[in-house]
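J.: Got input.cif for you, mmCIF, C-alpha atoms (C1' of nucleotides):
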data_input
loop_
_atom_site.label_atom_id
_atom_site.label_comp_id
_atom_site.auth_asym_id
_atom_site.auth_seq_id
_atom_site.Cartn_x
_atom_site.Cartn_y
_atom_site.Cartn_z
CA MET A 58 -24.69 9.56 -19.97
CA SER A 59 -24.41 10.82 -23.51
CA ASN A 60 -26.53 9.80 -26.47
CA LEU A 61 -23.46 9.86 -28.63
CA ALA A 62 -21.38 6.90 -27.65
CA ASN A 63 -18.42 8.00 -29.71
CA VAL A 64 -18.25 11.44 -28.28
CA ASP A 65 -15.21 10.54 -26.23
CA VAL A 66 -13.34 8.66 -28.88
CA ALA A 67 -9.94 10.03 -29.77
CA VAL A 68 -10.11 12.65 -27.07
CA THR A 69 -6.63 13.25 -25.77
CA PRO A 70 -5.86 12.76 -22.11
CA ALA A 71 -5.38 16.48 -21.71
CA GLU A 72 -8.77 17.15 -23.21
CA LYS A 73 -10.43 14.54 -21.10
CA TYR A 74 -8.76 16.02 -18.06
CA ARG A 75 -10.00 19.47 -18.95
CA GLU A 76 -13.55 18.17 -19.27
CA PHE A 77 -13.29 16.46 -15.93
CA LEU A 78 -11.97 19.56 -14.25
CA ALA A 79 -14.71 21.67 -15.80
CA THR A 80 -17.46 19.45 -14.46
CA LYS A 81 -15.96 19.78 -11.01
CA GLY A 82 -15.59 23.51 -11.20
CA LEU A 83 -11.83 23.14 -11.21
CA ARG A 84 -9.33 24.88 -13.44
CA MET A 85 -6.85 23.78 -16.05
CA THR A 86 -3.75 25.43 -14.77
CA ARG A 87 -0.33 25.58 -16.31
CA GLU A 88 0.89 23.04 -13.75
CA ARG A 89 -1.91 20.59 -14.41
CA ALA A 90 -1.31 20.83 -18.13
CA ILE A 91 2.39 20.17 -17.71
CA ILE A 92 1.69 17.17 -15.53
CA VAL A 93 -0.94 15.48 -17.68
CA ASP A 94 1.35 16.09 -20.60
CA GLU A 95 4.35 14.48 -19.00
CA VAL A 96 2.35 11.63 -17.55
CA PHE A 97 0.99 10.66 -20.96
CA SER A 98 4.24 11.14 -22.82
CA SER A 99 5.22 7.58 -21.96
CA HIS A 100 3.37 4.36 -21.32
CA GLU A 101 5.70 3.17 -18.61
CA HIS A 102 4.58 2.48 -15.09
CA PHE A 103 5.83 5.06 -12.65
CA ASP A 104 5.67 6.23 -9.08
CA ALA A 105 5.35 9.75 -7.76
CA GLU A 106 9.07 10.13 -7.25
CA GLN A 107 9.86 9.18 -10.82
CA LEU A 108 7.34 11.63 -12.14
CA ILE A 109 8.87 14.33 -9.99
CA GLN A 110 12.26 13.51 -11.48
CA ARG A 111 10.96 13.55 -15.02
CA LEU A 112 9.36 16.92 -14.49
CA ALA A 113 12.53 18.27 -12.99
CA LEU A 114 14.38 17.42 -16.19
CA ARG A 115 12.12 19.44 -18.45
CA LYS A 116 14.17 22.34 -19.69
CA ASN A 117 11.40 24.65 -20.72
CA GLY A 118 8.30 25.18 -18.71
CA ARG A 119 8.09 25.95 -15.08
CA ARG A 120 8.99 23.76 -12.18
CA VAL A 121 6.11 21.93 -10.51
CA SER A 122 6.15 21.35 -6.80
CA ARG A 123 6.00 17.98 -5.16
CA SER A 124 2.70 18.85 -3.48
CA THR A 125 1.08 19.76 -6.75
CA ILE A 126 2.23 16.54 -8.30
CA TYR A 127 0.68 14.49 -5.54
CA ARG A 128 -2.48 16.54 -5.74
CA SER A 129 -2.61 16.02 -9.48
CA LEU A 130 -2.11 12.29 -9.30
CA ALA A 131 -5.21 12.10 -7.12
CA LEU A 132 -7.15 14.20 -9.60
CA LEU A 133 -5.98 12.20 -12.58
CA GLU A 134 -7.11 9.08 -10.83
CA GLU A 135 -10.48 10.58 -10.09
CA ALA A 136 -10.73 11.63 -13.71
CA GLY A 137 -10.24 8.05 -14.81
CA LEU A 138 -6.94 8.82 -16.50
CA LEU A 139 -4.65 6.99 -14.12
CA ARG A 140 -4.91 4.04 -11.82
CA LYS A 141 -2.77 2.57 -9.12
CA VAL A 142 -1.60 -0.87 -10.12
CA ALA A 143 0.64 -2.02 -7.34
CA ARG A 144 2.78 -0.99 -4.44
CA GLN A 145 6.51 -1.43 -4.51
CA ASP A 146 8.92 -0.33 -1.83
CA ASP A 147 6.14 1.50 -0.05
CA ARG A 148 5.34 3.49 -3.11
CA GLU A 149 2.23 3.51 -5.18
CA ILE A 150 2.82 2.53 -8.81
CA TRP A 151 0.68 4.27 -11.41
CA GLU A 152 -0.26 3.57 -14.98
CA HIS A 153 -2.49 4.91 -17.70
CA ASP A 154 -6.10 3.95 -17.31
CA TYR A 155 -7.28 5.83 -20.35
CA GLY A 156 -6.77 4.75 -23.92
CA TYR A 157 -5.14 1.61 -22.69
CA PRO A 158 -6.75 -1.81 -22.61
CA GLN A 159 -7.64 -3.41 -19.31
CA HIS A 160 -4.96 -5.71 -17.99
CA ASP A 161 -3.33 -7.06 -14.86
CA HIS A 162 0.25 -7.67 -13.74
CA LEU A 163 2.76 -10.29 -12.85
CA ILE A 164 5.12 -8.73 -10.34
CA CYS A 165 8.60 -10.10 -9.93
CA GLU A 166 9.59 -10.02 -6.30
CA ARG A 167 13.27 -10.13 -7.10
CA CYS A 168 13.77 -7.53 -9.80
CA GLY A 169 10.51 -5.64 -9.45
CA ARG A 170 9.55 -6.06 -13.06
CA LEU A 171 5.88 -5.57 -13.90
CA ILE A 172 4.64 -7.82 -16.67
CA GLU A 173 1.27 -7.00 -18.14
CA PHE A 174 -1.21 -9.59 -19.23
CA HIS A 175 -4.76 -9.50 -20.35
CA ASN A 176 -7.31 -12.19 -19.75
CA GLU A 177 -10.88 -11.88 -20.81
CA SER A 178 -12.13 -14.65 -18.57
CA ILE A 179 -11.03 -12.94 -15.41
CA SER A 180 -13.21 -9.94 -16.09
CA GLU A 181 -16.14 -12.20 -16.84
CA ILE A 182 -15.64 -14.19 -13.69
CA LEU A 183 -15.41 -11.04 -11.62
CA ASP A 184 -18.58 -9.67 -13.18
CA GLU A 185 -20.33 -12.83 -12.19
CA VAL A 186 -18.87 -12.94 -8.70
CA ALA A 187 -19.80 -9.34 -8.09
CA ARG A 188 -23.32 -9.87 -9.37
CA SER A 189 -23.84 -12.86 -7.14
CA HIS A 190 -22.92 -10.74 -4.14
CA GLY A 191 -25.00 -7.76 -5.14
CA PHE A 192 -21.72 -5.91 -5.39
CA ARG A 193 -21.38 -3.01 -7.76
CA MET A 194 -17.90 -3.50 -9.15
CA GLU A 195 -16.03 -0.42 -10.21
CA GLY A 196 -12.69 -1.96 -10.91
CA HIS A 197 -10.14 -4.37 -9.63
CA ARG A 198 -6.50 -4.76 -8.92
CA LEU A 199 -4.86 -8.10 -9.44
CA GLU A 200 -1.24 -8.57 -8.51
CA VAL A 201 0.35 -11.91 -9.25
CA HIS A 202 3.49 -12.30 -7.18
CA GLY A 203 6.41 -14.54 -7.88
CA LEU A 204 9.59 -14.66 -9.91
CA CYS A 205 9.93 -13.66 -13.51
CA ASP A 206 11.54 -15.92 -16.04
CA ASP A 207 14.96 -14.37 -15.66
CA CYS A 208 14.96 -14.30 -11.91
CA SER A 209 13.67 -17.83 -11.45
CA ARG A 210 16.35 -19.30 -13.64
CA PRO A 211 19.15 -20.89 -11.63
CA PRO A 212 22.41 -18.97 -12.02
CA LYS A 213 24.16 -21.55 -14.14
CA THR A 214 23.96 -20.20 -17.67
CA ARG A 215 24.69 -16.79 -16.27
CA PRO A 216 28.13 -15.49 -17.21
CA LYS A 217 30.22 -15.75 -14.09
CA LYS A 218 31.97 -12.74 -12.74
CA LEU A 219 35.16 -14.31 -11.52
CA ASN A 220 38.00 -12.97 -9.44
CA LEU A 221 36.40 -9.65 -8.86
CA LEU A 222 37.69 -9.56 -5.32
CA MET B 96 8.72 -31.84 -0.42
CA SER B 97 7.65 -34.52 2.01
CA ASN B 98 6.58 -38.01 1.12
CA LEU B 99 3.89 -37.80 3.77
CA ALA B 100 1.38 -35.31 2.51
CA ASN B 101 -0.52 -35.28 5.77
CA VAL B 102 2.45 -34.53 7.92
CA ASP B 103 1.37 -30.95 8.39
CA VAL B 104 -2.29 -31.63 8.90
CA ALA B 105 -3.74 -30.39 12.17
CA VAL B 106 -0.56 -28.62 13.15
CA THR B 107 -1.55 -25.51 15.04
CA PRO B 108 -0.38 -22.12 13.87
CA ALA B 109 1.83 -21.83 16.93
CA GLU B 110 3.47 -25.14 16.15
CA LYS B 111 3.96 -24.25 12.55
CA TYR B 112 5.45 -20.95 13.62
CA ARG B 113 7.84 -22.71 15.96
CA GLU B 114 8.98 -24.99 13.16
CA PHE B 115 9.53 -22.06 10.88
CA LEU B 116 11.52 -20.20 13.50
CA ALA B 117 13.63 -23.25 14.21
CA THR B 118 14.62 -23.68 10.59
CA LYS B 119 15.72 -20.06 10.54
CA GLY B 120 17.69 -20.31 13.75
CA LEU B 121 15.20 -17.98 15.41
CA ARG B 122 13.59 -18.40 18.80
CA MET B 123 10.10 -18.87 20.07
CA THR B 124 9.94 -16.13 22.61
CA ARG B 125 7.18 -15.30 25.04
CA GLU B 126 6.22 -12.32 22.89
CA ARG B 127 6.08 -14.31 19.67
CA ALA B 128 3.92 -16.91 21.36
CA ILE B 129 1.53 -14.28 22.66
CA ILE B 130 1.26 -12.71 19.23
CA VAL B 131 0.68 -15.86 17.20
CA ASP B 132 -1.84 -16.84 19.82
CA GLU B 133 -3.76 -13.61 19.63
CA VAL B 134 -3.57 -13.44 15.86
CA PHE B 135 -5.14 -16.86 15.47
CA SER B 136 -7.75 -16.41 18.17
CA SER B 137 -10.06 -14.83 15.60
CA HIS B 138 -10.57 -15.17 11.87
CA GLU B 139 -11.27 -11.50 11.31
CA HIS B 140 -9.16 -9.34 9.06
CA PHE B 141 -7.06 -6.89 10.97
CA ASP B 142 -4.38 -4.25 10.68
CA ALA B 143 -1.34 -3.71 12.88
CA GLU B 144 -3.07 -1.08 14.95
CA GLN B 145 -5.99 -3.34 15.76
CA LEU B 146 -3.69 -6.14 16.78
CA ILE B 147 -1.83 -3.75 19.03
CA GLN B 148 -5.13 -2.79 20.64
CA ARG B 149 -6.19 -6.38 21.12
CA LEU B 150 -2.90 -7.24 22.75
CA ALA B 151 -3.16 -4.25 25.02
CA LEU B 152 -6.47 -5.58 26.32
CA ARG B 153 -5.10 -8.90 27.46
CA LYS B 154 -5.22 -8.93 31.23
CA ASN B 155 -2.69 -11.62 31.90
CA GLY B 156 0.54 -11.96 30.04
CA ARG B 157 3.01 -9.26 29.39
CA ARG B 158 2.69 -6.22 27.22
CA VAL B 159 4.14 -6.49 23.74
CA SER B 160 5.71 -3.48 22.12
CA ARG B 161 4.63 -1.98 18.87
CA SER B 162 7.98 -2.72 17.28
CA THR B 163 7.81 -6.37 18.18
CA ILE B 164 4.34 -6.62 16.73
CA TYR B 165 5.46 -5.20 13.42
CA ARG B 166 8.49 -7.44 13.42
CA SER B 167 6.30 -10.43 14.14
CA LEU B 168 3.82 -9.67 11.39
CA ALA B 169 6.68 -9.81 8.92
CA LEU B 170 7.82 -13.13 10.34
CA LEU B 171 4.33 -14.59 10.34
CA GLU B 172 4.03 -13.64 6.72
CA GLU B 173 7.34 -15.22 5.89
CA ALA B 174 6.23 -18.32 7.74
CA GLY B 175 3.18 -18.57 5.53
CA LEU B 176 0.82 -17.99 8.42
CA LEU B 177 -0.43 -14.57 7.42
CA ARG B 178 -0.86 -12.65 4.23
CA LYS B 179 -1.63 -9.06 3.35
CA VAL B 180 -4.94 -8.86 1.58
CA ALA B 181 -5.49 -5.19 0.98
CA ARG B 182 -4.63 -1.70 2.01
CA GLN B 183 -7.13 0.56 3.64
CA ASP B 184 -6.49 4.03 4.96
CA ASP B 185 -2.78 3.59 4.41
CA ARG B 186 -2.71 0.49 6.50
CA GLU B 187 -1.95 -3.03 5.48
CA ILE B 188 -4.81 -5.45 6.17
CA TRP B 189 -3.85 -8.95 7.24
CA GLU B 190 -5.59 -12.29 7.33
CA HIS B 191 -4.85 -15.91 8.08
CA ASP B 192 -3.10 -17.71 5.29
CA TYR B 193 -2.82 -21.00 7.13
CA GLY B 194 -5.65 -23.40 7.66
CA TYR B 195 -7.89 -21.18 5.63
CA PRO B 196 -8.96 -21.79 2.07
CA GLN B 197 -7.64 -19.58 -0.69
CA HIS B 198 -9.94 -16.71 -1.52
CA ASP B 199 -10.10 -13.13 -2.70
CA HIS B 200 -12.03 -10.03 -1.68
CA LEU B 201 -14.66 -7.58 -2.72
CA ILE B 202 -13.81 -4.30 -1.04
CA CYS B 203 -16.52 -1.76 -0.42
CA GLU B 204 -15.17 1.72 -0.98
CA ARG B 205 -17.87 3.30 1.09
CA CYS B 206 -18.00 1.24 4.27
CA GLY B 207 -14.72 -0.60 3.94
CA ARG B 208 -16.28 -4.01 4.26
CA LEU B 209 -14.21 -6.94 2.98
CA ILE B 210 -16.30 -9.68 1.43
CA GLU B 211 -14.54 -12.94 0.76
CA PHE B 212 -15.18 -15.10 -2.24
CA HIS B 213 -13.59 -18.14 -3.66
CA ASN B 214 -13.34 -18.98 -7.30
CA GLU B 215 -11.54 -22.01 -8.57
CA SER B 216 -11.29 -20.76 -12.14
CA ILE B 217 -9.28 -17.73 -11.20
CA SER B 218 -6.49 -19.82 -9.75
CA GLU B 219 -6.49 -22.00 -12.83
CA ILE B 220 -6.35 -19.05 -15.14
CA LEU B 221 -3.51 -17.52 -13.19
CA ASP B 222 -1.59 -20.77 -13.26
CA GLU B 223 -1.92 -20.79 -17.00
CA VAL B 224 -1.06 -17.12 -17.42
CA ALA B 225 2.00 -17.49 -15.24
CA ARG B 226 3.13 -20.58 -17.10
CA SER B 227 2.81 -18.89 -20.46
CA HIS B 228 5.11 -16.12 -19.24
CA GLY B 229 7.64 -18.42 -17.65
CA PHE B 230 6.65 -16.80 -14.38
CA ARG B 231 6.96 -18.72 -11.15
CA MET B 232 3.83 -17.70 -9.31
CA GLU B 233 4.01 -17.65 -5.55
CA GLY B 234 0.70 -16.07 -4.81
CA HIS B 235 -1.63 -13.31 -5.78
CA ARG B 236 -3.68 -10.52 -4.41
CA LEU B 237 -6.96 -9.67 -6.04
CA GLU B 238 -8.93 -6.70 -4.80
CA VAL B 239 -12.30 -6.05 -6.39
CA HIS B 240 -13.33 -2.48 -5.72
CA GLY B 241 -16.82 -1.08 -5.74
CA LEU B 242 -19.86 -0.77 -3.56
CA CYS B 243 -21.34 -3.51 -1.46
CA ASP B 244 -25.00 -4.35 -1.61
CA ASP B 245 -25.94 -2.13 1.31
CA CYS B 246 -23.93 0.84 0.17
CA SER B 247 -25.05 0.75 -3.45
CA ARG B 248 -28.70 0.67 -2.51
CA PRO B 249 -30.32 4.08 -2.78
CA PRO B 250 -31.45 5.30 0.63
CA LYS B 251 -35.14 4.78 0.07
CA THR B 252 -36.04 1.38 1.52
CA ARG B 253 -33.69 2.07 4.35
CA PRO B 254 -35.49 2.49 7.65
CA LYS B 255 -35.46 6.17 8.36
CA LYS B 256 -34.18 7.44 11.60
CA LEU B 257 -36.57 10.28 12.16
CA ASN B 258 -36.55 13.11 14.60
CA LEU B 259 -33.38 12.07 16.24
CA LEU B 260 -32.20 15.61 16.53
"C1'" DA C 1169 -13.05 40.37 -8.62
"C1'" DT C 1170 -13.48 35.75 -6.94
"C1'" DA C 1171 -12.57 31.46 -5.95
"C1'" DC C 1172 -9.49 27.97 -7.03
"C1'" DT C 1173 -4.20 26.82 -6.98
"C1'" DT C 1174 0.43 26.70 -5.98
"C1'" DG C 1175 4.76 26.25 -3.34
"C1'" DC C 1176 6.77 25.99 0.88
"C1'" DA C 1177 7.50 24.17 5.15
"C1'" DA C 1178 5.64 21.71 8.67
"C1'" DA C 1179 2.81 17.94 9.91
"C1'" DT C 1180 1.01 13.21 9.56
"C1'" DG C 1181 0.92 8.53 10.23
"C1'" DT C 1182 2.67 4.09 9.46
"C1'" DT C 1183 6.41 1.31 9.73
"C1'" DT C 1184 11.46 0.76 10.60
"C1'" DT C 1185 15.71 0.91 13.16
"C1'" DG C 1186 19.79 1.72 16.59
"C1'" DC C 1187 20.98 0.30 20.83
"C1'" DA C 1188 21.30 -1.25 25.64
"C1'" DA C 1189 19.16 -4.48 28.51
"C1'" DC C 1190 17.09 -9.27 28.19
"C1'" DC C 1191 16.55 -14.06 27.63
"C1'" DA C 1192 15.91 -18.69 24.92
"C1'" DA C 1193 18.53 -22.57 23.72
"C1'" DT D 584 27.45 -18.54 27.55
"C1'" DT D 585 25.93 -16.80 23.18
"C1'" DG D 586 23.56 -14.87 19.91
"C1'" DG D 587 18.96 -13.75 18.90
"C1'" DT D 588 15.15 -10.36 21.02
"C1'" DT D 589 12.77 -6.78 23.09
"C1'" DG D 590 11.28 -2.02 24.22
"C1'" DC D 591 12.07 2.56 23.75
"C1'" DA D 592 12.77 6.57 21.43
"C1'" DA D 593 14.19 8.40 17.35
"C1'" DA D 594 14.29 7.93 12.45
"C1'" DA D 595 12.67 7.14 8.02
"C1'" DC D 596 9.55 7.97 4.32
"C1'" DA D 597 5.83 8.71 1.39
"C1'" DT D 598 2.13 11.55 1.34
"C1'" DT D 599 -0.83 15.37 3.12
"C1'" DT D 600 -1.99 19.94 4.69
"C1'" DG D 601 -2.18 25.05 6.41
"C1'" DC D 602 -1.46 29.24 4.63
"C1'" DA D 603 -0.02 33.35 2.13
"C1'" DA D 604 0.83 34.65 -2.50
"C1'" DG D 605 -0.45 33.82 -7.30
"C1'" DT D 606 -3.78 33.11 -11.19
"C1'" DA D 607 -7.59 31.06 -14.21
"C1'" DT D 608 -12.08 32.38 -15.52
#
For this file, produce the structure as structure tokens.

T.:
Amino acid sequence: MSNLANVDVAVTPAEKYREFLATKGLRMTRERAIIVDEVFSSHEHFDAEQLIQRLALRKNGRRVSRSTIYRSLALLEEAGLLRKVARQDDREIWEHDYGYPQHDHLICERCGRLIEFHNESISEILDEVARSHGFRMEGHRLEVHGLCDDCSRPPKTRPKKLNLL
Amino acid sequence: MSNLANVDVAVTPAEKYREFLATKGLRMTRERAIIVDEVFSSHEHFDAEQLIQRLALRKNGRRVSRSTIYRSLALLEEAGLLRKVARQDDREIWEHDYGYPQHDHLICERCGRLIEFHNESISEILDEVARSHGFRMEGHRLEVHGLCDDCSRPPKTRPKKLNLL
DNA sequence: ATACTTGCAAATGTTTTGCAACCAA
DNA sequence: TTGGTTGCAAAACATTTGCAAGTAT
């Protein structure tokens, strides 16, 4: 779009959000600022409920309603700042999609842990697959299910909790 | 597990389901038979609602309740007969996971079409990735999002429907 | 001033569940 | 017989939405 490829480099999430909103004729409100701020204050994966909790803990600043948070998550996704990475317990799990390298996840079915990994070849293969189908790829979501190292280990080395009953 | 690799070959989904149920101390009821039958009568992807519709259309045989259908989908998944492949419009999309080669999907965000593709390398890469993380992989779900050939084509070559109003 | 936004409560829509009547083994 | 099963209605839950009051620009 731009003739200056580096125009977006080092732009903070909040700034990028503001730009996005501007192009859509939307406004940077106090609530949206608070949310983008909180969302990018940590790299952890999160779901809507967790974000709601985190925002509730903020001492200063105003309270943000549940509705607004859901509405903002949708906007942040549209802005390319967040992406949904998985679903756990019927909840959508979100993560940063801006300023963070492309990656996929191993999902432990026992403890729910999300382990990130990056693999160049997968992207290349998908490019090729998409091309061969005349498909215009915009992104992908790859969930690898199974058991993480800890959870797949038989409970032998594990310290026994004896006589607890 | 078995020393006869071909022991399961040519076993019908219904039979495999019965075996699974037996090992769990569960029963092959009339309803479960109807459902596994209907589910494997077509290779199309489907969601719970569609299956409910299809079952409602059956002339002969008894009606199966919505609850039982949901309960059965979970069982069929556990039995390795079905797997969830995507989510569309807040609904889980299912497909056969038995007697059907492993594959993934291109998902058109405009028309919702699911295009299957198979790529050997992806499985190999995932095996390797999982191994390097000490992760016991049990399966994966890869959704490639974007626009299918038809939907990404600008509406110029498309036959115009003129004067229809 | 003029839309766009928010918070609230109510609605949505899918999937789950309690329970009494049923039924496969 | 004896549990597992079903259907029904109600519940559960995450997420969405209508609307009046508030607020960026």

J.: Give one line per residue of chain C that approaches segment 590-606 of chain D to at most 9 Å, naming the two atoms of the closest pair and their distance in Å to one decimal, counting only C-alpha atoms (C1' of nucleotides); sort by chain then ascending residue number and deliver it as CSV.

T.:
residue,atom,partner,partner_atom,distance
C:DC1172,C1',D:DT606,C1',8.7
C:DT1173,C1',D:DT606,C1',7.6
C:DT1174,C1',D:DG605,C1',7.3
C:DA1178,C1',D:DT600,C1',8.8
C:DA1179,C1',D:DT600,C1',7.4
C:DT1180,C1',D:DT599,C1',7.0
C:DT1183,C1',D:DA595,C1',8.7
C:DT1184,C1',D:DA595,C1',7.0
C:DT1185,C1',D:DA594,C1',7.2
C:DG1186,C1',D:DA593,C1',8.7

J.: Save the residues we just selected, C-alpha atoms (C1' of nucleotides), as a PDB file, keeping the file's coordinate frame?

T.:
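Result went into part_15.pdb, see below:
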ATOM      1  C1'  DC C1172      -9.490  27.970  -7.030  1.00  0.00           C
ATOM      2  C1'  DT C1173      -4.200  26.820  -6.980  1.00  0.00           C
ATOM      3  C1'  DT C1174       0.430  26.700  -5.980  1.00  0.00           C
ATOM      4  C1'  DA C1178       5.640  21.710   8.670  1.00  0.00           C
ATOM      5  C1'  DA C1179       2.810  17.940   9.910  1.00  0.00           C
ATOM      6  C1'  DT C1180       1.010  13.210   9.560  1.00  0.00           C
ATOM      7  C1'  DT C1183       6.410   1.310   9.730  1.00  0.00           C
ATOM      8  C1'  DT C1184      11.460   0.760  10.600  1.00  0.00           C
ATOM      9  C1'  DT C1185      15.710   0.910  13.160  1.00  0.00           C
ATOM     10  C1'  DG C1186      19.790   1.720  16.590  1.00  0.00           C
TER      11       DG C1186
END

J.: What does the PyMOL selection byres ((chain B) within 8 of (chain C)) select in this file, as an MDAnalysis selection string?

T.: chainID B and resid 122:124 165 185:186

J.: Generate the output file for the selected residues, C-alpha atoms, as a compact mmCIF listing (two decimals), in the frame of the given file.

T.:
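File produced: part31.txt:
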# COMPACT_ATOMS: atom_id res chain seq x y z
CA ARG B 122 13.59 -18.40 18.80
CA MET B 123 10.10 -18.87 20.07
CA THR B 124 9.94 -16.13 22.61
CA TYR B 165 5.46 -5.20 13.42
CA ASP B 185 -2.78 3.59 4.41
CA ARG B 186 -2.71 0.49 6.50

J.: Using only C-alpha atoms (C1' of nucleotides), list the residues that have an atom at most 12 Å from (21.1, -11.0, 16.4), coordinates as in the file, as number ranges by chain.

T.: B: 120-122; D: 585-589

J.: Given a cut-off of 7 Å, which residues of chain A touch chain B, counting only C-alpha atoms, written out as a ChimeraX atom specification?

T.: /A:179,191-206,209

J.: If I take atom CA of His153 of chain A and atom CA of Val96 of chain A, how far is one from the other in Å, to one decimal?

T.: 8.3 Å

J.: What is the distance between atom CA of Gln183 of chain B and atom CA of Ile130 of chain B, in Å to one decimal?

T.: 22.1 Å

J.: Could you work out how far atom CA of Ala174 of chain B lies from atom CA of Ala117 of chain B, giving the answer in Å with one decimal?

T.: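 These two atoms are separated by 11.0 Å.
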
J.: Using all atoms listed in the file, which residues sit within 10 Å of Glu187 of chain B once same-chain residues fewer than 5 positions away are excluded, as a ChimeraX atom specification?

T.: /B:141-144,178-182 /C:1182

J.: Using all atoms listed in the file, which of the listed residues (A:His102, A:Arg87, A:Arg75, A:Arg120) sits closest to chain D?

T.: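 Ranking A:His102, A:Arg87, A:Arg75, A:Arg120 by distance to chain D, first place goes to A:Arg87.
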